[in-house]
Amino acid sequence: MSNHDATAPRTPAAGDGFDAPRPPGATGALVLADGTVFWGRGIGAATAQVGEVVFNTAMTGYQETLTDPSYAGQIITFTFPHIGNVGTNAEDIETLTPAARGLILRADITPPANWRAAKPLEDWLVSHGIPGLAGLDTRALTRRIRAKGAPAGVVVHAPDGRFDLPALAALARDWPGLKGMDLAREVTCRQSYGWDESEWTLRGGYGRQGEPRCHVVAVDFGAKRNILRCLAAAGCRVTVVPAESTAEDVLRHRPDGVFLSNGPGDPAATGAYAVPMIQGVLESGLPLFGICLGHQMLALALGAKTFKMDTGHRGANHPVKDLETGKVEITSQNHGFVVDEASLPAGVAVTHRSLFDGSVEGIAVAGRPVFSVQYHPEASPGPQDSHYLFQRFVDKIAAAK
């Protein structure tokens, strides 16, 4: 099967019954809600998954991306063609159970060639039940997403080459989409726990925080492990609590500061129970720091609004300007919703702005130790342009104490 034959999309005409011939040897397909079919070679688990089809522009970190809880409900198209070259391992994960629905690649999975590789990506996908598709024209799919927005779709791997296209298209059409969907409940922890693992080093691996200087409660809306590691490395003893915790649940741990994590889904939906908790924490006067979904819900708790973007921001090359210092950070991002700047109340200032589209990337409350950012400072695209934010949080905690 040639790449040209395997990657061509096919949009059925009305009433044609999906009966156009498919390329020979096709064992995988992406079927969009409008009936468009992209053919390819199936990879990973032999199953089908429905979700929002998005693209990520990062050149590295595919295992971290696939295990980031913020990708719950999404099928990830990687625009970088060489995926699989560092294999997978048990350390570079952001959560134990991957939340992504599937992945789409231009080329076949690259064999691993890294000293830390413990399992090839193909085997890892199978072990986690994640289907994928290779040999697809990811450039064409990405341009479609940019022009028309992120569509609902089904990625299917069928080794026997048998596909029920009308049923798959109907499954995509019937999927409700992420707007109005609360996914934090699906990816949060079920009970509170302590965290002391800190950042990784070449010689020592992951360290432990044995002499914390402050205590932080992290509310888990789908927290990435590396965020918790960065908090520990900054000197925090971390207590992680479930997404549906109340303000009383949070404050009974007697924290010095509260952290609101990243996570998937619509912030307005999760905010139905999270906003009252955040408002209770705000009333306590404790320092508060939010990232991604935590940033969006902090804005909601302050009286602002959020809305869904057409394509979102996903990748490791997003320039963001710190409006206070004038410095530009190269950031890692993954979000499909954004804070509506026009809705920000008096006393809440925009601190960071995207240089791609001018959207809000950070806010702070005047005269209070409360701030948040839309992007992911725990990631390393710059490589560590944004790590200062964790120290800023600890400094505000020290000042409050």
# chains A, B, ... in the order shown; residues from 1 in each chain; ligands from 1

call {"tool": "residues_around", "arguments": {"residues": "segment 59-68 of chain A", "least_positions_apart": "3", "cutoff": "10 Å", "atoms": "only C-alpha atoms", "output": "ChimeraX atom specification"}}
result
/A:56,71-72,74-76,78-103,121,124-125,130,187,222-226,262-264,314-317,334,379-381

call {"tool": "select_by_dssp", "arguments": {"residues": "segment 286-367 of chain A", "states": "helix (DSSP H, G or I)", "output": "list in words"}}
result
Leu293, Gly294, His295, Gln296, Met297, Leu298, Ala299, Leu300, Ala301, Glu341, Ala342 and Ser343 of chain A

call {"tool": "write_last_selection", "arguments": {"atoms": "N, CA and C atoms", "output": "compact mmCIF listing (two decimals), in the first residue's frame"}}
result
# COMPACT_ATOMS: atom_id res chain seq x y z
N LEU A 293 -6.48 24.17 33.49
CA LEU A 293 -7.87 24.15 33.95
C LEU A 293 -8.00 24.88 35.28
N GLY A 294 -7.00 24.75 36.14
CA GLY A 294 -7.02 25.49 37.41
C GLY A 294 -7.03 26.99 37.20
N HIS A 295 -6.30 27.45 36.19
CA HIS A 295 -6.30 28.87 35.82
C HIS A 295 -7.68 29.31 35.35
N GLN A 296 -8.29 28.50 34.50
CA GLN A 296 -9.60 28.86 33.96
C GLN A 296 -10.66 28.91 35.07
N MET A 297 -10.60 27.96 35.98
CA MET A 297 -11.62 27.93 37.04
C MET A 297 -11.36 28.98 38.10
N LEU A 298 -10.11 29.37 38.30
CA LEU A 298 -9.84 30.53 39.17
C LEU A 298 -10.51 31.76 38.57
N ALA A 299 -10.38 31.93 37.25
CA ALA A 299 -11.02 33.07 36.60
C ALA A 299 -12.54 33.02 36.79
N LEU A 300 -13.13 31.84 36.66
CA LEU A 300 -14.56 31.70 36.89
C LEU A 300 -14.93 32.08 38.32
N ALA A 301 -14.11 31.63 39.27
CA ALA A 301 -14.39 31.92 40.68
C ALA A 301 -14.29 33.41 40.97
N GLU A 341 -11.07 37.61 28.17
CA GLU A 341 -10.43 38.78 28.78
C GLU A 341 -11.43 39.89 29.08
N ALA A 342 -12.41 40.09 28.22
CA ALA A 342 -13.38 41.17 28.41
C ALA A 342 -14.23 40.96 29.66
N SER A 343 -14.27 39.73 30.16
CA SER A 343 -15.11 39.44 31.32
C SER A 343 -14.35 39.54 32.64

call {"tool": "closest_atom_pairs", "arguments": {"of": "segment 115-177 of chain A", "to": "segment 19-42 of chain A", "cutoff": "8 Å", "atoms": "only C-alpha atoms", "output": "tab-separated table"}}
result
residue	atom	partner	partner_atom	distance
A:Pro131	CA	A:Gly42	CA	7.4
A:Gly132	CA	A:Gly42	CA	5.9
A:Leu133	CA	A:Gly42	CA	4.7
A:Ala134	CA	A:Arg41	CA	5.1
A:Gly135	CA	A:Gly40	CA	5.1
A:Leu136	CA	A:Gly40	CA	5.6
A:Pro151	CA	A:Leu32	CA	6.8
A:Ala152	CA	A:Ala33	CA	5.7
A:Gly153	CA	A:Leu32	CA	4.1
A:Val154	CA	A:Val31	CA	5.2
A:Val155	CA	A:Leu30	CA	4.6
A:Val156	CA	A:Ala29	CA	5.5
A:His157	CA	A:Gly28	CA	4.5
A:Ala158	CA	A:Thr27	CA	5.2
A:Pro159	CA	A:Thr27	CA	5.2
A:Asp160	CA	A:Thr27	CA	6.8
A:Gly161	CA	A:Thr27	CA	4.8
A:Arg162	CA	A:Thr27	CA	7.9
A:Leu165	CA	A:Val31	CA	7.4
A:Pro166	CA	A:Gly35	CA	7.9
A:Leu168	CA	A:Val31	CA	6.5
A:Ala169	CA	A:Ala33	CA	5.3
A:Ala170	CA	A:Ala33	CA	6.9
A:Leu171	CA	A:Ala33	CA	7.8
A:Ala172	CA	A:Ala33	CA	4.7
A:Arg173	CA	A:Ala33	CA	4.6

call {"tool": "closest_residue", "arguments": {"among": "A:Val50, A:Leu288, A:Ala118, A:Phe356", "to": "Phe371 of chain A", "atoms": "only C-alpha atoms"}}
result
A:Leu288

call {"tool": "atom_distance", "arguments": {"atom1": "atom CA of His352 of chain A", "atom2": "atom CA of Leu302 of chain A"}}
result
17.4 Å

call {"tool": "closest_atom_pairs", "arguments": {"of": "segment 213-305 of chain A", "to": "segment 193-199 of chain A", "cutoff": "8 Å", "atoms": "only C-alpha atoms", "output": "tab-separated table"}}
result
residue	atom	partner	partner_atom	distance
A:Asn226	CA	A:Glu199	CA	7.4
A:Leu228	CA	A:Trp195	CA	7.2
A:Arg229	CA	A:Ser198	CA	4.2
A:Cys230	CA	A:Glu199	CA	6.3
A:Leu231	CA	A:Ser198	CA	7.7
A:Ala232	CA	A:Ser198	CA	5.2
A:Ala233	CA	A:Ser198	CA	4.9
A:Arg237	CA	A:Asp196	CA	6.3
A:Val238	CA	A:Trp195	CA	5.2
A:Thr239	CA	A:Gly194	CA	4.5
A:Val240	CA	A:Tyr193	CA	5.4
A:Val241	CA	A:Tyr193	CA	6.9

call {"tool": "write_last_selection", "arguments": {"atoms": "N, CA, C and O atoms", "output": "compact mmCIF listing (two decimals), in the first residue's frame"}}
result
# COMPACT_ATOMS: atom_id res chain seq x y z
N ASN A 226 4.51 15.69 36.92
CA ASN A 226 5.66 16.59 36.94
C ASN A 226 5.35 17.92 37.59
O ASN A 226 6.24 18.60 38.08
N LEU A 228 3.51 18.08 40.33
CA LEU A 228 3.71 17.73 41.75
C LEU A 228 5.20 17.65 42.06
O LEU A 228 5.65 18.06 43.14
N ARG A 229 5.99 17.12 41.11
CA ARG A 229 7.44 17.05 41.32
C ARG A 229 8.05 18.44 41.42
O ARG A 229 8.94 18.67 42.25
N CYS A 230 7.58 19.36 40.59
CA CYS A 230 8.11 20.73 40.63
C CYS A 230 7.75 21.42 41.95
O CYS A 230 8.55 22.18 42.50
N LEU A 231 6.55 21.18 42.45
CA LEU A 231 6.18 21.73 43.76
C LEU A 231 7.08 21.17 44.85
O LEU A 231 7.55 21.91 45.72
N ALA A 232 7.32 19.86 44.81
CA ALA A 232 8.20 19.25 45.81
C ALA A 232 9.61 19.78 45.69
O ALA A 232 10.26 20.09 46.70
N ALA A 233 10.12 19.93 44.46
CA ALA A 233 11.47 20.44 44.25
C ALA A 233 11.61 21.87 44.74
O ALA A 233 12.70 22.30 45.14
N ARG A 237 5.86 20.35 50.85
CA ARG A 237 5.22 19.08 51.17
C ARG A 237 3.84 19.14 50.56
O ARG A 237 3.08 20.06 50.83
N VAL A 238 3.50 18.16 49.72
CA VAL A 238 2.29 18.24 48.91
C VAL A 238 1.27 17.22 49.39
O VAL A 238 1.59 16.03 49.54
N THR A 239 0.06 17.68 49.62
CA THR A 239 -1.09 16.81 49.87
C THR A 239 -2.05 16.96 48.70
O THR A 239 -2.50 18.07 48.42
N VAL A 240 -2.32 15.86 48.01
CA VAL A 240 -3.19 15.89 46.84
C VAL A 240 -4.60 15.47 47.27
O VAL A 240 -4.77 14.48 47.97
N VAL A 241 -5.61 16.25 46.84
CA VAL A 241 -7.00 15.95 47.20
C VAL A 241 -7.84 15.84 45.93
O VAL A 241 -7.50 16.42 44.90

call {"tool": "atom_distance", "arguments": {"atom1": "atom CA of Ala58 of chain A", "atom2": "atom CA of Ser386 of chain A"}}
result
16.8 Å

call {"tool": "select_by_dssp", "arguments": {"residues": "segment 197-391 of chain A", "states": "strand (DSSP E)", "output": "number ranges by chain"}}
result
A: 197-201, 205-208, 214-220, 236-242, 257-260, 288-291, 306-322, 328-339, 348-354, 360-365, 370-373

call {"tool": "closest_residue", "arguments": {"among": "A:Phe337, A:Gly51, A:Ala107, A:Val216", "to": "Thr138 of chain A", "atoms": "only C-alpha atoms"}}
result
A:Ala107

call {"tool": "residues_around", "arguments": {"residues": "Gly367 of chain A", "least_positions_apart": "5", "cutoff": "12 Å", "atoms": "only C-alpha atoms", "output": "PyMOL selection string"}}
result
chain A and resi 285+287+347-349+396+400

call {"tool": "write_last_selection", "arguments": {"atoms": "all heavy atoms", "output": "PDB file, in the first residue's frame"}}
result
ATOM      1  N   GLY A 285      -7.780  33.701  52.387  1.00  0.00           N
ATOM      2  CA  GLY A 285      -6.605  34.549  52.237  1.00  0.00           C
ATOM      3  C   GLY A 285      -5.328  33.807  51.932  1.00  0.00           C
ATOM      4  O   GLY A 285      -4.253  34.425  51.833  1.00  0.00           O
ATOM      5  N   PRO A 287      -2.331  31.906  49.878  1.00  0.00           N
ATOM      6  CA  PRO A 287      -1.787  31.990  48.521  1.00  0.00           C
ATOM      7  C   PRO A 287      -2.375  30.898  47.639  1.00  0.00           C
ATOM      8  O   PRO A 287      -2.570  29.754  48.080  1.00  0.00           O
ATOM      9  CB  PRO A 287      -0.283  31.781  48.737  1.00  0.00           C
ATOM     10  CG  PRO A 287      -0.039  32.248  50.137  1.00  0.00           C
ATOM     11  CD  PRO A 287      -1.266  31.828  50.905  1.00  0.00           C
ATOM     12  N   GLY A 347      -9.598  44.668  39.291  1.00  0.00           N
ATOM     13  CA  GLY A 347      -8.686  44.109  40.277  1.00  0.00           C
ATOM     14  C   GLY A 347      -8.026  42.823  39.844  1.00  0.00           C
ATOM     15  O   GLY A 347      -7.177  42.290  40.563  1.00  0.00           O
ATOM     16  N   VAL A 348      -8.406  42.288  38.684  1.00  0.00           N
ATOM     17  CA  VAL A 348      -7.775  41.086  38.128  1.00  0.00           C
ATOM     18  C   VAL A 348      -7.068  41.496  36.840  1.00  0.00           C
ATOM     19  O   VAL A 348      -7.713  41.961  35.887  1.00  0.00           O
ATOM     20  CB  VAL A 348      -8.796  39.975  37.850  1.00  0.00           C
ATOM     21  CG1 VAL A 348      -8.101  38.750  37.263  1.00  0.00           C
ATOM     22  CG2 VAL A 348      -9.542  39.608  39.127  1.00  0.00           C
ATOM     23  N   ALA A 349      -5.749  41.362  36.822  1.00  0.00           N
ATOM     24  CA  ALA A 349      -4.951  41.826  35.696  1.00  0.00           C
ATOM     25  C   ALA A 349      -4.443  40.655  34.864  1.00  0.00           C
ATOM     26  O   ALA A 349      -4.161  39.569  35.389  1.00  0.00           O
ATOM     27  CB  ALA A 349      -3.766  42.648  36.194  1.00  0.00           C
ATOM     28  N   LYS A 396       5.521  33.649  47.625  1.00  0.00           N
ATOM     29  CA  LYS A 396       4.284  34.255  48.141  1.00  0.00           C
ATOM     30  C   LYS A 396       3.836  33.553  49.419  1.00  0.00           C
ATOM     31  O   LYS A 396       3.305  34.197  50.337  1.00  0.00           O
ATOM     32  CB  LYS A 396       3.191  34.179  47.061  1.00  0.00           C
ATOM     33  CG  LYS A 396       3.424  35.122  45.876  1.00  0.00           C
ATOM     34  CD  LYS A 396       2.277  35.077  44.899  1.00  0.00           C
ATOM     35  CE  LYS A 396       2.535  36.010  43.716  1.00  0.00           C
ATOM     36  NZ  LYS A 396       2.589  37.427  44.121  1.00  0.00           N
ATOM     37  N   ALA A 400       3.486  35.334  53.048  1.00  0.00           N
ATOM     38  CA  ALA A 400       2.223  35.266  53.795  1.00  0.00           C
ATOM     39  C   ALA A 400       2.443  34.718  55.185  1.00  0.00           C
ATOM     40  O   ALA A 400       1.758  35.108  56.143  1.00  0.00           O
ATOM     41  CB  ALA A 400       1.227  34.399  53.022  1.00  0.00           C
TER      42      ALA A 400
END

call {"tool": "residues_around", "arguments": {"residues": "Val258 of chain A", "least_positions_apart": "2", "cutoff": "9 Å", "atoms": "only C-alpha atoms", "output": "list in words"}}
result
His215, Val216, Val217, Ala218, Val219, Val250, Leu251, Pro255, Asp256, Leu260, Val281, Leu286, Pro287, Leu288, Phe289 and Gly290 of chain A

call {"tool": "closest_residue", "arguments": {"among": "A:Phe307, A:Tyr388, A:Phe55, A:Tyr375", "to": "Leu178 of chain A", "atoms": "only C-alpha atoms"}}
result
A:Phe307

call {"tool": "atom_distance", "arguments": {"atom1": "atom CA of Ala346 of chain A", "atom2": "atom CA of Gly362 of chain A"}}
result
15.3 Å

call {"tool": "closest_residue", "arguments": {"among": "A:Ala48, A:Ala117, A:Ile109, A:Leu355", "to": "Ala167 of chain A", "atoms": "only C-alpha atoms"}}
result
A:Ala48

call {"tool": "decode", "arguments": {"residues": "segment 345-358 of chain A", "atoms": "all heavy atoms", "output": "PDB file, in the first residue's frame"}}
result
ATOM      1  N   PRO A 345     -12.979  40.829  35.970  1.00  0.00           N
ATOM      2  CA  PRO A 345     -13.464  41.929  36.816  1.00  0.00           C
ATOM      3  C   PRO A 345     -12.344  42.889  37.196  1.00  0.00           C
ATOM      4  O   PRO A 345     -11.145  42.596  37.007  1.00  0.00           O
ATOM      5  CB  PRO A 345     -14.004  41.196  38.051  1.00  0.00           C
ATOM      6  CG  PRO A 345     -13.165  39.968  38.135  1.00  0.00           C
ATOM      7  CD  PRO A 345     -12.891  39.556  36.716  1.00  0.00           C
ATOM      8  N   ALA A 346     -12.719  44.024  37.741  1.00  0.00           N
ATOM      9  CA  ALA A 346     -11.737  44.993  38.231  1.00  0.00           C
ATOM     10  C   ALA A 346     -10.882  44.353  39.312  1.00  0.00           C
ATOM     11  O   ALA A 346     -11.373  43.574  40.136  1.00  0.00           O
ATOM     12  CB  ALA A 346     -12.449  46.219  38.780  1.00  0.00           C
ATOM     13  N   GLY A 347      -9.598  44.668  39.291  1.00  0.00           N
ATOM     14  CA  GLY A 347      -8.686  44.109  40.277  1.00  0.00           C
ATOM     15  C   GLY A 347      -8.026  42.823  39.844  1.00  0.00           C
ATOM     16  O   GLY A 347      -7.177  42.290  40.563  1.00  0.00           O
ATOM     17  N   VAL A 348      -8.406  42.288  38.684  1.00  0.00           N
ATOM     18  CA  VAL A 348      -7.775  41.086  38.128  1.00  0.00           C
ATOM     19  C   VAL A 348      -7.068  41.496  36.840  1.00  0.00           C
ATOM     20  O   VAL A 348      -7.713  41.961  35.887  1.00  0.00           O
ATOM     21  CB  VAL A 348      -8.796  39.975  37.850  1.00  0.00           C
ATOM     22  CG1 VAL A 348      -8.101  38.750  37.263  1.00  0.00           C
ATOM     23  CG2 VAL A 348      -9.542  39.608  39.127  1.00  0.00           C
ATOM     24  N   ALA A 349      -5.749  41.362  36.822  1.00  0.00           N
ATOM     25  CA  ALA A 349      -4.951  41.826  35.696  1.00  0.00           C
ATOM     26  C   ALA A 349      -4.443  40.655  34.864  1.00  0.00           C
ATOM     27  O   ALA A 349      -4.161  39.569  35.389  1.00  0.00           O
ATOM     28  CB  ALA A 349      -3.766  42.648  36.194  1.00  0.00           C
ATOM     29  N   VAL A 350      -4.309  40.889  33.563  1.00  0.00           N
ATOM     30  CA  VAL A 350      -3.654  39.921  32.677  1.00  0.00           C
ATOM     31  C   VAL A 350      -2.152  40.070  32.860  1.00  0.00           C
ATOM     32  O   VAL A 350      -1.605  41.166  32.726  1.00  0.00           O
ATOM     33  CB  VAL A 350      -4.046  40.164  31.208  1.00  0.00           C
ATOM     34  CG1 VAL A 350      -3.276  39.213  30.289  1.00  0.00           C
ATOM     35  CG2 VAL A 350      -5.541  39.992  31.017  1.00  0.00           C
ATOM     36  N   THR A 351      -1.470  38.967  33.179  1.00  0.00           N
ATOM     37  CA  THR A 351      -0.024  39.001  33.431  1.00  0.00           C
ATOM     38  C   THR A 351       0.787  38.387  32.301  1.00  0.00           C
ATOM     39  O   THR A 351       1.966  38.707  32.129  1.00  0.00           O
ATOM     40  CB  THR A 351       0.312  38.242  34.723  1.00  0.00           C
ATOM     41  OG1 THR A 351      -0.127  36.878  34.592  1.00  0.00           O
ATOM     42  CG2 THR A 351      -0.371  38.892  35.919  1.00  0.00           C
ATOM     43  N   HIS A 352       0.179  37.482  31.530  1.00  0.00           N
ATOM     44  CA  HIS A 352       0.871  36.806  30.440  1.00  0.00           C
ATOM     45  C   HIS A 352      -0.060  36.750  29.236  1.00  0.00           C
ATOM     46  O   HIS A 352      -1.273  36.586  29.397  1.00  0.00           O
ATOM     47  CB  HIS A 352       1.280  35.384  30.832  1.00  0.00           C
ATOM     48  CG  HIS A 352       2.278  35.317  31.953  1.00  0.00           C
ATOM     49  ND1 HIS A 352       1.934  35.552  33.269  1.00  0.00           N
ATOM     50  CD2 HIS A 352       3.607  35.034  31.942  1.00  0.00           C
ATOM     51  CE1 HIS A 352       3.004  35.422  34.026  1.00  0.00           C
ATOM     52  NE2 HIS A 352       4.019  35.104  33.254  1.00  0.00           N
ATOM     53  N   ARG A 353       0.539  36.871  28.047  1.00  0.00           N
ATOM     54  CA  ARG A 353      -0.272  36.889  26.831  1.00  0.00           C
ATOM     55  C   ARG A 353       0.381  36.047  25.742  1.00  0.00           C
ATOM     56  O   ARG A 353       1.606  36.061  25.565  1.00  0.00           O
ATOM     57  CB  ARG A 353      -0.445  38.335  26.346  1.00  0.00           C
ATOM     58  CG  ARG A 353      -1.466  38.481  25.224  1.00  0.00           C
ATOM     59  CD  ARG A 353      -1.640  39.941  24.827  1.00  0.00           C
ATOM     60  NE  ARG A 353      -2.149  40.783  25.905  1.00  0.00           N
ATOM     61  CZ  ARG A 353      -3.411  40.821  26.301  1.00  0.00           C
ATOM     62  NH1 ARG A 353      -4.309  40.043  25.722  1.00  0.00           N
ATOM     63  NH2 ARG A 353      -3.784  41.621  27.275  1.00  0.00           N
ATOM     64  N   SER A 354      -0.465  35.292  25.006  1.00  0.00           N
ATOM     65  CA  SER A 354       0.032  34.502  23.882  1.00  0.00           C
ATOM     66  C   SER A 354       0.477  35.420  22.753  1.00  0.00           C
ATOM     67  O   SER A 354      -0.236  36.349  22.378  1.00  0.00           O
ATOM     68  CB  SER A 354      -1.070  33.563  23.377  1.00  0.00           C
ATOM     69  OG  SER A 354      -0.707  32.989  22.142  1.00  0.00           O
ATOM     70  N   LEU A 355       1.650  35.142  22.202  1.00  0.00           N
ATOM     71  CA  LEU A 355       2.116  35.903  21.046  1.00  0.00           C
ATOM     72  C   LEU A 355       1.650  35.273  19.742  1.00  0.00           C
ATOM     73  O   LEU A 355       1.956  35.793  18.668  1.00  0.00           O
ATOM     74  CB  LEU A 355       3.638  36.027  21.076  1.00  0.00           C
ATOM     75  CG  LEU A 355       4.203  36.840  22.250  1.00  0.00           C
ATOM     76  CD1 LEU A 355       5.712  37.019  22.100  1.00  0.00           C
ATOM     77  CD2 LEU A 355       3.530  38.197  22.361  1.00  0.00           C
ATOM     78  N   PHE A 356       0.931  34.163  19.818  1.00  0.00           N
ATOM     79  CA  PHE A 356       0.311  33.584  18.630  1.00  0.00           C
ATOM     80  C   PHE A 356      -1.011  34.287  18.306  1.00  0.00           C
ATOM     81  O   PHE A 356      -1.238  34.705  17.176  1.00  0.00           O
ATOM     82  CB  PHE A 356       0.041  32.095  18.829  1.00  0.00           C
ATOM     83  CG  PHE A 356       1.227  31.215  18.528  1.00  0.00           C
ATOM     84  CD1 PHE A 356       1.278  29.932  19.030  1.00  0.00           C
ATOM     85  CD2 PHE A 356       2.272  31.649  17.742  1.00  0.00           C
ATOM     86  CE1 PHE A 356       2.355  29.097  18.747  1.00  0.00           C
ATOM     87  CE2 PHE A 356       3.360  30.839  17.468  1.00  0.00           C
ATOM     88  CZ  PHE A 356       3.400  29.559  17.966  1.00  0.00           C
ATOM     89  N   ASP A 357      -1.884  34.408  19.306  1.00  0.00           N
ATOM     90  CA  ASP A 357      -3.212  34.965  19.029  1.00  0.00           C
ATOM     91  C   ASP A 357      -3.646  36.033  20.022  1.00  0.00           C
ATOM     92  O   ASP A 357      -4.775  36.520  19.960  1.00  0.00           O
ATOM     93  CB  ASP A 357      -4.258  33.850  18.979  1.00  0.00           C
ATOM     94  CG  ASP A 357      -4.344  33.052  20.284  1.00  0.00           C
ATOM     95  OD1 ASP A 357      -3.784  33.503  21.298  1.00  0.00           O
ATOM     96  OD2 ASP A 357      -4.978  31.976  20.277  1.00  0.00           O
ATOM     97  N   GLY A 358      -2.767  36.411  20.977  1.00  0.00           N
ATOM     98  CA  GLY A 358      -3.085  37.465  21.926  1.00  0.00           C
ATOM     99  C   GLY A 358      -3.985  37.045  23.062  1.00  0.00           C
ATOM    100  O   GLY A 358      -4.411  37.884  23.870  1.00  0.00           O
TER     101      GLY A 358
END
